[in-house]
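Participant: Take a look at structure.csv, CSV, N, CA and C atoms:
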chain,number,residue,atom,x,y,z
A,4,MET,N,-7.6,-10.7,-30.3
A,4,MET,CA,-8.0,-11.1,-28.9
A,4,MET,C,-7.0,-12.1,-28.4
A,5,LYS,N,-6.6,-13.1,-29.3
A,5,LYS,CA,-5.7,-14.2,-28.9
A,5,LYS,C,-4.3,-13.5,-28.5
A,6,ASN,N,-3.9,-12.5,-29.3
A,6,ASN,CA,-2.6,-11.9,-29.1
A,6,ASN,C,-2.6,-11.2,-27.7
A,7,THR,N,-3.7,-10.5,-27.4
A,7,THR,CA,-3.8,-9.8,-26.1
A,7,THR,C,-3.7,-10.8,-25.0
A,8,ILE,N,-4.4,-11.9,-25.1
A,8,ILE,CA,-4.3,-12.9,-24.0
A,8,ILE,C,-2.9,-13.5,-23.9
A,9,LYS,N,-2.2,-13.7,-25.0
A,9,LYS,CA,-0.8,-14.1,-25.0
A,9,LYS,C,0.1,-13.1,-24.3
A,10,ILE,N,-0.1,-11.8,-24.6
A,10,ILE,CA,0.7,-10.8,-24.0
A,10,ILE,C,0.4,-10.7,-22.5
A,11,ILE,N,-0.8,-10.9,-22.0
A,11,ILE,CA,-1.2,-10.9,-20.6
A,11,ILE,C,-0.5,-12.0,-19.9
A,12,ILE,N,-0.5,-13.2,-20.5
A,12,ILE,CA,0.1,-14.4,-20.0
A,12,ILE,C,1.6,-14.2,-19.8
A,13,VAL,N,2.3,-13.6,-20.8
A,13,VAL,CA,3.7,-13.3,-20.8
A,13,VAL,C,4.0,-12.3,-19.6
A,14,ILE,N,3.2,-11.3,-19.5
A,14,ILE,CA,3.4,-10.3,-18.5
A,14,ILE,C,3.2,-10.9,-17.1
A,15,LEU,N,2.2,-11.7,-16.9
A,15,LEU,CA,2.0,-12.4,-15.6
A,15,LEU,C,3.1,-13.3,-15.3
A,16,SER,N,3.6,-14.1,-16.3
A,16,SER,CA,4.7,-15.0,-16.1
A,16,SER,C,5.9,-14.3,-15.7
A,17,THR,N,6.2,-13.2,-16.4
A,17,THR,CA,7.4,-12.4,-16.2
A,17,THR,C,7.3,-11.8,-14.8
A,18,SER,N,6.2,-11.3,-14.4
A,18,SER,CA,6.0,-10.7,-13.1
A,18,SER,C,6.3,-11.7,-12.0
A,19,ALA,N,5.8,-13.0,-12.2
A,19,ALA,CA,6.1,-14.0,-11.2
A,19,ALA,C,7.6,-14.3,-11.1
A,20,LEU,N,8.3,-14.2,-12.2
A,20,LEU,CA,9.7,-14.5,-12.2
A,20,LEU,C,10.5,-13.3,-11.6
A,21,LEU,N,10.2,-12.1,-12.0
A,21,LEU,CA,11.0,-10.9,-11.7
A,21,LEU,C,10.5,-10.2,-10.4
A,22,GLY,N,9.3,-10.3,-10.1
A,22,GLY,CA,8.7,-9.6,-9.0
A,22,GLY,C,8.1,-8.3,-9.6
A,23,THR,N,7.1,-7.8,-8.9
A,23,THR,CA,6.3,-6.7,-9.4
A,23,THR,C,7.1,-5.4,-9.7
A,24,THR,N,8.0,-5.1,-8.7
A,24,THR,CA,8.8,-3.9,-8.8
A,24,THR,C,9.7,-3.9,-10.0
A,25,ASP,N,10.4,-5.0,-10.2
A,25,ASP,CA,11.3,-5.2,-11.3
A,25,ASP,C,10.6,-5.1,-12.7
A,26,LEU,N,9.4,-5.7,-12.7
A,26,LEU,CA,8.6,-5.6,-14.0
A,26,LEU,C,8.2,-4.2,-14.3
A,27,LEU,N,7.7,-3.5,-13.3
A,27,LEU,CA,7.4,-2.1,-13.5
A,27,LEU,C,8.5,-1.2,-14.0
A,28,ASP,N,9.7,-1.5,-13.4
A,28,ASP,CA,10.9,-0.8,-13.8
A,28,ASP,C,11.2,-1.0,-15.3
A,29,LEU,N,11.1,-2.3,-15.7
A,29,LEU,CA,11.4,-2.7,-17.0
A,29,LEU,C,10.4,-2.0,-18.0
A,30,CYS,N,9.2,-2.0,-17.6
A,30,CYS,CA,8.1,-1.4,-18.4
A,30,CYS,C,8.3,0.1,-18.6
A,31,ASN,N,8.7,0.7,-17.5
A,31,ASN,CA,8.8,2.2,-17.5
A,31,ASN,C,10.2,2.6,-18.1
A,32,ASN,N,11.2,1.8,-18.1
A,32,ASN,CA,12.5,2.2,-18.6
A,32,ASN,C,13.0,3.5,-18.0
A,33,ASP,N,12.6,3.8,-16.8
A,33,ASP,CA,13.0,5.0,-16.1
A,33,ASP,C,14.3,4.8,-15.4
A,34,PRO,N,15.4,5.4,-15.9
A,34,PRO,CA,16.7,5.1,-15.3
A,34,PRO,C,16.8,5.6,-13.8
A,35,GLU,N,16.0,6.6,-13.5
A,35,GLU,CA,16.0,7.1,-12.1
A,35,GLU,C,15.4,6.0,-11.1
A,36,GLN,N,14.5,5.2,-11.6
A,36,GLN,CA,14.0,4.1,-10.8
A,36,GLN,C,14.8,2.8,-10.9
A,37,MET,N,15.3,2.6,-12.1
A,37,MET,CA,16.0,1.3,-12.4
A,37,MET,C,17.4,1.3,-11.7
A,38,ILE,N,18.0,2.4,-11.4
A,38,ILE,CA,19.3,2.5,-10.8
A,38,ILE,C,19.3,2.3,-9.3
A,39,LEU,N,18.1,2.5,-8.7
A,39,LEU,CA,18.0,2.4,-7.2
A,39,LEU,C,18.4,1.0,-6.7
A,40,GLY,N,19.1,1.0,-5.6
A,40,GLY,CA,19.6,-0.2,-5.0
A,40,GLY,C,21.1,-0.3,-4.9
A,41,LYS,N,21.5,-1.5,-4.6
A,41,LYS,CA,23.0,-1.7,-4.4
A,41,LYS,C,23.5,-2.4,-5.7
A,42,TRP,N,24.8,-2.0,-6.0
A,42,TRP,CA,25.5,-2.6,-7.1
A,42,TRP,C,26.9,-2.9,-6.7
A,43,VAL,N,27.3,-4.1,-7.0
A,43,VAL,CA,28.7,-4.6,-6.7
A,43,VAL,C,29.6,-4.6,-7.9
A,44,SER,N,30.8,-4.1,-7.8
A,44,SER,CA,31.7,-4.0,-8.9
A,44,SER,C,32.1,-5.4,-9.4
A,45,GLU,N,32.2,-5.6,-10.7
A,45,GLU,CA,32.7,-6.8,-11.2
A,45,GLU,C,34.2,-7.0,-11.0
A,46,GLU,N,34.9,-5.9,-10.8
A,46,GLU,CA,36.4,-5.9,-10.7
A,46,GLU,C,36.7,-6.2,-9.2
A,47,ASP,N,35.9,-5.8,-8.3
A,47,ASP,CA,36.2,-6.0,-6.8
A,47,ASP,C,34.9,-6.2,-6.1
A,48,SER,N,34.7,-7.4,-5.6
A,48,SER,CA,33.4,-7.7,-5.0
A,48,SER,C,33.2,-7.1,-3.6
A,49,GLU,N,34.3,-6.4,-3.1
A,49,GLU,CA,34.2,-5.6,-1.8
A,49,GLU,C,33.8,-4.2,-2.1
A,50,TYR,N,33.7,-3.8,-3.3
A,50,TYR,CA,33.4,-2.4,-3.7
A,50,TYR,C,31.9,-2.3,-4.2
A,51,VAL,N,31.1,-1.6,-3.4
A,51,VAL,CA,29.6,-1.5,-3.7
A,51,VAL,C,29.2,-0.1,-3.8
A,52,TRP,N,28.3,0.2,-4.8
A,52,TRP,CA,27.7,1.5,-4.9
A,52,TRP,C,26.2,1.3,-4.5
A,53,GLU,N,25.6,2.3,-3.8
A,53,GLU,CA,24.2,2.2,-3.5
A,53,GLU,C,23.6,3.5,-3.9
A,54,PHE,N,22.5,3.5,-4.7
A,54,PHE,CA,21.7,4.6,-5.1
A,54,PHE,C,20.4,4.6,-4.3
A,55,LEU,N,20.2,5.7,-3.6
A,55,LEU,CA,19.0,5.8,-2.8
A,55,LEU,C,18.0,6.8,-3.4
A,56,SER,N,16.7,6.6,-3.2
A,56,SER,CA,15.7,7.4,-3.8
A,56,SER,C,15.7,8.9,-3.4
A,57,ASN,N,16.4,9.2,-2.3
A,57,ASN,CA,16.5,10.6,-1.9
A,57,ASN,C,17.6,11.3,-2.6
A,58,GLY,N,18.3,10.7,-3.5
A,58,GLY,CA,19.4,11.3,-4.3
A,58,GLY,C,20.8,11.1,-3.7
A,59,ALA,N,20.8,10.3,-2.6
A,59,ALA,CA,22.1,10.0,-2.0
A,59,ALA,C,22.8,8.8,-2.7
A,60,HIS,N,24.1,8.9,-2.9
A,60,HIS,CA,24.9,7.8,-3.4
A,60,HIS,C,25.9,7.4,-2.4
A,61,GLN,N,26.0,6.2,-2.0
A,61,GLN,CA,26.9,5.7,-1.0
A,61,GLN,C,27.9,4.7,-1.6
A,62,THR,N,29.1,4.8,-1.2
A,62,THR,CA,30.1,3.9,-1.6
A,62,THR,C,30.6,3.1,-0.4
A,63,TYR,N,30.6,1.8,-0.6
A,63,TYR,CA,31.1,0.9,0.5
A,63,TYR,C,32.3,0.1,0.0
A,64,THR,N,33.3,0.0,0.9
A,64,THR,CA,34.4,-0.8,0.7
A,64,THR,C,34.6,-1.8,1.9
A,65,ASP,N,34.7,-3.0,1.6
A,65,ASP,CA,34.8,-4.1,2.6
A,65,ASP,C,33.6,-3.9,3.6
A,66,GLY,N,32.4,-3.6,3.2
A,66,GLY,CA,31.3,-3.5,4.0
A,66,GLY,C,31.2,-2.2,4.8
A,67,GLN,N,32.1,-1.3,4.7
A,67,GLN,CA,32.1,-0.1,5.4
A,67,GLN,C,31.8,1.1,4.5
A,68,LEU,N,30.9,2.0,5.0
A,68,LEU,CA,30.6,3.2,4.2
A,68,LEU,C,31.8,4.1,4.1
A,69,THR,N,32.3,4.4,2.9
A,69,THR,CA,33.6,5.1,2.7
A,69,THR,C,33.3,6.5,2.1
A,70,ARG,N,32.2,6.7,1.5
A,70,ARG,CA,31.9,8.0,0.8
A,70,ARG,C,30.4,8.1,0.6
A,71,GLU,N,30.0,9.4,0.8
A,71,GLU,CA,28.5,9.7,0.5
A,71,GLU,C,28.5,11.0,-0.3
A,72,ARG,N,27.8,10.9,-1.4
A,72,ARG,CA,27.6,12.1,-2.2
A,72,ARG,C,26.2,12.0,-2.8
A,73,SER,N,25.9,12.9,-3.7
A,73,SER,CA,24.5,12.9,-4.3
A,73,SER,C,24.7,12.5,-5.8
A,74,TRP,N,23.5,12.0,-6.3
A,74,TRP,CA,23.5,11.6,-7.7
A,74,TRP,C,22.2,12.1,-8.4
A,75,GLN,N,22.3,12.2,-9.7
A,75,GLN,CA,21.1,12.5,-10.5
A,75,GLN,C,21.3,12.0,-11.9
A,76,ILE,N,20.2,11.7,-12.6
A,76,ILE,CA,20.2,11.4,-14.0
A,76,ILE,C,20.0,12.7,-14.8
A,77,VAL,N,20.9,13.0,-15.7
A,77,VAL,CA,20.9,14.3,-16.4
A,77,VAL,C,20.9,14.0,-17.9
A,78,ASN,N,20.7,15.0,-18.7
A,78,ASN,CA,20.7,15.0,-20.2
A,78,ASN,C,22.1,15.5,-20.7
A,79,GLU,N,22.8,16.3,-19.9
A,79,GLU,CA,24.1,16.8,-20.3
A,79,GLU,C,25.0,16.9,-19.1
A,80,CYS,N,26.3,16.6,-19.4
A,80,CYS,CA,27.3,16.6,-18.3
A,80,CYS,C,28.7,16.6,-19.0
A,81,GLU,N,29.6,17.5,-18.4
A,81,GLU,CA,30.9,17.6,-19.0
A,81,GLU,C,30.9,17.9,-20.5
A,82,GLY,N,29.9,18.7,-20.9
A,82,GLY,CA,29.8,19.1,-22.3
A,82,GLY,C,29.2,18.0,-23.2
A,83,GLU,N,28.9,16.8,-22.7
A,83,GLU,CA,28.4,15.7,-23.5
A,83,GLU,C,26.9,15.6,-23.2
A,84,THR,N,26.2,15.2,-24.3
A,84,THR,CA,24.7,15.0,-24.1
A,84,THR,C,24.4,13.5,-24.4
A,85,VAL,N,23.2,13.1,-23.9
A,85,VAL,CA,22.7,11.8,-24.1
A,85,VAL,C,22.4,11.6,-25.6
A,86,ASP,N,22.9,10.5,-26.1
A,86,ASP,CA,22.5,10.1,-27.5
A,86,ASP,C,21.6,8.8,-27.3
A,87,ASN,N,20.3,9.0,-27.2
A,87,ASN,CA,19.4,8.0,-26.9
A,87,ASN,C,19.4,6.8,-27.8
A,88,GLU,N,20.0,7.0,-29.0
A,88,GLU,CA,20.1,5.9,-30.0
A,88,GLU,C,21.2,4.9,-29.5
A,89,TYR,N,22.2,5.4,-28.8
A,89,TYR,CA,23.3,4.5,-28.4
A,89,TYR,C,23.5,4.4,-26.9
A,90,ASP,N,23.1,5.5,-26.1
A,90,ASP,CA,23.3,5.5,-24.7
A,90,ASP,C,21.9,5.5,-24.0
A,91,PHE,N,21.9,4.9,-22.8
A,91,PHE,CA,20.6,4.8,-22.1
A,91,PHE,C,20.3,6.1,-21.3
A,92,ALA,N,21.4,6.7,-20.7
A,92,ALA,CA,21.2,7.9,-19.9
A,92,ALA,C,22.6,8.4,-19.5
A,93,MET,N,22.6,9.5,-18.7
A,93,MET,CA,23.8,10.0,-18.1
A,93,MET,C,23.6,10.2,-16.6
A,94,LEU,N,24.7,9.8,-15.9
A,94,LEU,CA,24.7,9.9,-14.4
A,94,LEU,C,25.7,10.9,-14.0
A,95,GLU,N,25.3,11.8,-13.1
A,95,GLU,CA,26.1,12.8,-12.5
A,95,GLU,C,26.3,12.6,-11.0
A,96,LEU,N,27.5,12.4,-10.6
A,96,LEU,CA,27.8,12.2,-9.1
A,96,LEU,C,28.5,13.5,-8.6
A,97,SER,N,28.0,14.1,-7.6
A,97,SER,CA,28.7,15.3,-7.0
A,97,SER,C,29.9,14.8,-6.3
A,98,ARG,N,30.9,15.7,-6.3
A,98,ARG,CA,32.1,15.4,-5.5
A,98,ARG,C,32.3,16.4,-4.4
A,99,GLY,N,31.4,17.3,-4.2
A,99,GLY,CA,31.5,18.3,-3.1
A,99,GLY,C,31.5,19.7,-3.8
A,100,SER,N,31.4,20.7,-2.9
A,100,SER,CA,31.2,22.0,-3.4
A,100,SER,C,32.4,22.6,-4.1
A,101,ASN,N,33.6,22.1,-3.8
A,101,ASN,CA,34.9,22.6,-4.4
A,101,ASN,C,35.3,21.9,-5.7
A,102,LEU,N,34.7,20.8,-6.0
A,102,LEU,CA,35.2,19.9,-7.1
A,102,LEU,C,34.1,19.8,-8.1
A,103,PRO,N,34.4,19.6,-9.4
A,103,PRO,CA,33.4,19.4,-10.4
A,103,PRO,C,32.8,18.0,-10.2
A,104,SER,N,31.6,17.9,-10.8
A,104,SER,CA,30.9,16.6,-10.7
A,104,SER,C,31.6,15.6,-11.5
A,105,GLN,N,31.3,14.3,-11.2
A,105,GLN,CA,31.8,13.2,-12.0
A,105,GLN,C,30.7,12.7,-12.9
A,106,CYS,N,31.0,12.5,-14.2
A,106,CYS,CA,29.9,12.2,-15.2
A,106,CYS,C,30.2,10.8,-15.8
A,107,PHE,N,29.1,10.1,-16.0
A,107,PHE,CA,29.2,8.8,-16.6
A,107,PHE,C,28.1,8.7,-17.7
A,108,VAL,N,28.4,8.0,-18.8
A,108,VAL,CA,27.3,7.6,-19.7
A,108,VAL,C,26.8,6.2,-19.3
A,109,VAL,N,25.5,6.1,-19.0
A,109,VAL,CA,24.9,4.8,-18.7
A,109,VAL,C,24.7,4.1,-19.9
A,110,GLN,N,25.5,3.0,-20.2
A,110,GLN,CA,25.3,2.3,-21.4
A,110,GLN,C,24.4,1.1,-21.3
A,111,ASP,N,24.2,0.6,-20.0
A,111,ASP,CA,23.3,-0.5,-19.8
A,111,ASP,C,22.8,-0.4,-18.3
A,112,LEU,N,21.6,-0.8,-18.1
A,112,LEU,CA,21.0,-0.7,-16.8
A,112,LEU,C,19.9,-1.8,-16.7
A,113,ASN,N,20.3,-3.0,-16.8
A,113,ASN,CA,19.3,-4.1,-16.8
A,113,ASN,C,19.9,-5.3,-16.1
A,114,GLY,N,20.0,-5.2,-14.7
A,114,GLY,CA,20.6,-6.2,-14.0
A,114,GLY,C,22.1,-6.0,-13.9
A,115,VAL,N,22.7,-5.4,-14.9
A,115,VAL,CA,24.1,-5.0,-15.0
A,115,VAL,C,24.1,-3.5,-15.2
A,116,LEU,N,24.9,-2.8,-14.4
A,116,LEU,CA,25.1,-1.3,-14.6
A,116,LEU,C,26.4,-1.1,-15.3
A,117,THR,N,26.4,-0.6,-16.5
A,117,THR,CA,27.6,-0.4,-17.3
A,117,THR,C,27.7,1.1,-17.5
A,118,LEU,N,28.8,1.7,-16.9
A,118,LEU,CA,29.1,3.1,-16.9
A,118,LEU,C,30.4,3.4,-17.7
A,119,LEU,N,30.3,4.5,-18.5
A,119,LEU,CA,31.5,4.9,-19.1
A,119,LEU,C,31.9,6.3,-18.5
A,120,ALA,N,33.0,6.4,-17.8
A,120,ALA,CA,33.4,7.6,-17.1
A,120,ALA,C,33.8,8.6,-18.1
A,121,LEU,N,33.4,9.9,-17.9
A,121,LEU,CA,33.7,11.0,-18.8
A,121,LEU,C,34.7,11.9,-18.0
A,122,PRO,N,35.7,12.4,-18.6
A,122,PRO,CA,36.1,12.3,-20.0
A,122,PRO,C,37.2,11.1,-20.1
A,123,GLN,N,37.5,10.4,-19.0
A,123,GLN,CA,38.6,9.4,-19.0
A,123,GLN,C,38.3,8.2,-20.0
A,124,GLY,N,37.0,7.9,-20.1
A,124,GLY,CA,36.7,6.7,-21.0
A,124,GLY,C,36.8,5.4,-20.3
A,125,ARG,N,37.0,5.4,-18.9
A,125,ARG,CA,37.1,4.2,-18.2
A,125,ARG,C,35.7,3.5,-18.0
A,126,LEU,N,35.7,2.2,-18.2
A,126,LEU,CA,34.4,1.5,-18.1
A,126,LEU,C,34.3,0.9,-16.7
A,127,HIS,N,33.1,1.1,-16.1
A,127,HIS,CA,32.8,0.5,-14.8
A,127,HIS,C,31.6,-0.4,-15.0
A,128,ILE,N,31.7,-1.6,-14.5
A,128,ILE,CA,30.6,-2.6,-14.6
A,128,ILE,C,30.2,-3.1,-13.2
A,129,PHE,N,29.0,-3.0,-12.9
A,129,PHE,CA,28.4,-3.4,-11.6
A,129,PHE,C,27.3,-4.4,-11.8
A,130,ASP,N,27.2,-5.3,-10.9
A,130,ASP,CA,26.0,-6.3,-10.9
A,130,ASP,C,25.1,-5.9,-9.8
A,131,ARG,N,23.8,-6.0,-10.1
A,131,ARG,CA,22.8,-5.7,-9.0
A,131,ARG,C,22.9,-6.6,-7.9
A,132,VAL,N,22.9,-6.1,-6.7
A,132,VAL,CA,22.9,-6.9,-5.5
A,132,VAL,C,21.4,-7.3,-5.1
A,133,VAL,N,21.1,-8.6,-5.1
A,133,VAL,CA,19.8,-9.0,-4.8
A,133,VAL,C,19.8,-9.5,-3.3
A,134,ASP,N,19.0,-8.8,-2.5
A,134,ASP,CA,18.9,-9.2,-1.1
A,134,ASP,C,18.0,-10.4,-0.9
Using structure tokens, write down the structure that the file contains.
Facilitator:
Amino acid sequence: MKNTIKIIIVILSTSALLGTTDLLDLCNNDPEQMILGKWVSEEDSEYVWEFLSNGAHQTYTDGQLTRERSWQIVNECEGETVDNEYDFAMLELSRGSNLPSQCFVVQDLNGVLTLLALPQGRLHIFDRVVD
């Protein structure tokens, strides 16, 4: 009983610090929910990605919308599959009807979005934008 009370206190304290939505995302560990929102590149603070719940992915440069495409969390992309022991998920971004999709291994998604581009192996790191 004492352990249950301690757990409830920790959850309530964390909820107060993080906010209810963030706490639910952390509890669910659902990458499709956790990725929603705006992310700013650690390499270039004027480069922002936004993931919308309707499946739209928007890219902003210097505050201007420069590209819009769709996104989805998948289990396989570019012949690679998710290894849940080491990878969190896979992200697929469409490039349009005439081009193949762009694939990323999601290596971290907890306030920092760490993506490994396939097949290039380039690492992209974004920080969550808090409004």
Participant: So which one's closest to Glu83 of chain A, A:Pro103, A:Gly58, A:Gly66, A:Pro122? Using only C-alpha atoms, please.
Facilitator: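 Among the listed residues, A:Pro122 lies closest to Glu83 of chain A.
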Participant: Give me, please, the distance in Å between atom N of Arg72 of chain A and atom N of Ser44 of chain A, quoted to one decimal.
Facilitator: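 If I compute the distance from atom N of Arg72 of chain A to atom N of Ser44 of chain A, I get 16.6 Å.
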Participant: Could you pull out the alpha helix (DSSP H) residues of segment 18-109 of chain A, going by DSSP on the backbone, and write them as a PyMOL selection string?
Facilitator: chain A and resi 18-21+23-31+34-37
Participant: Identify, on the basis of only C-alpha atoms, every residue whose closest approach to Cys106 of chain A does not exceed 7 Å; exclude the query and any residue fewer than 6 positions from it along the same chain; express the result as a list of chain:residue names.
Facilitator: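 In the requested format, the answer is A:Cys80, A:Glu81, A:Leu94, A:Glu95, A:Leu96, A:Ala120, A:Leu121.
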Participant: If we count only C-alpha atoms, what is near Leu39 of chain A at a cut-off of 7 Å, once residues fewer than 3 positions away on the same chain are taken out, given as a list in words?
Facilitator: Gln36, Phe54, Leu55 and Ser56 of chain A
Participant: Please indicate the distance in Å from atom CA of Gly40 of chain A to atom N of Arg131 of chain A, rounded to one decimal place.
Facilitator: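 Interatomic distance, atom CA of Gly40 of chain A to atom N of Arg131 of chain A: 8.8 Å.
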Participant: Using all atoms listed in the file, pick whichever of A:Glu71, A:Asp111, A:Glu79, A:Glu53 has the shortest atom-to-atom distance to Ser97 of chain A.
Facilitator: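 Using all atoms listed in the file, Ser97 of chain A sits closest to A:Glu71.
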Participant: List as a list in words: which residues have an atom within 8 Å of (19.2, -6.0, -13.3), counting only N, CA and C atoms?
Facilitator: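 Residues satisfying the cut-off, written out: Met37, Leu112, Asn113, Gly114, Val115, Leu116, Asp130, Arg131 and Val132 of chain A.
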Participant: Please report the interatomic distance between atom CA of Trp74 of chain A and atom C of Gly124 of chain A in Å with one decimal.
Facilitator: 19.3 Å
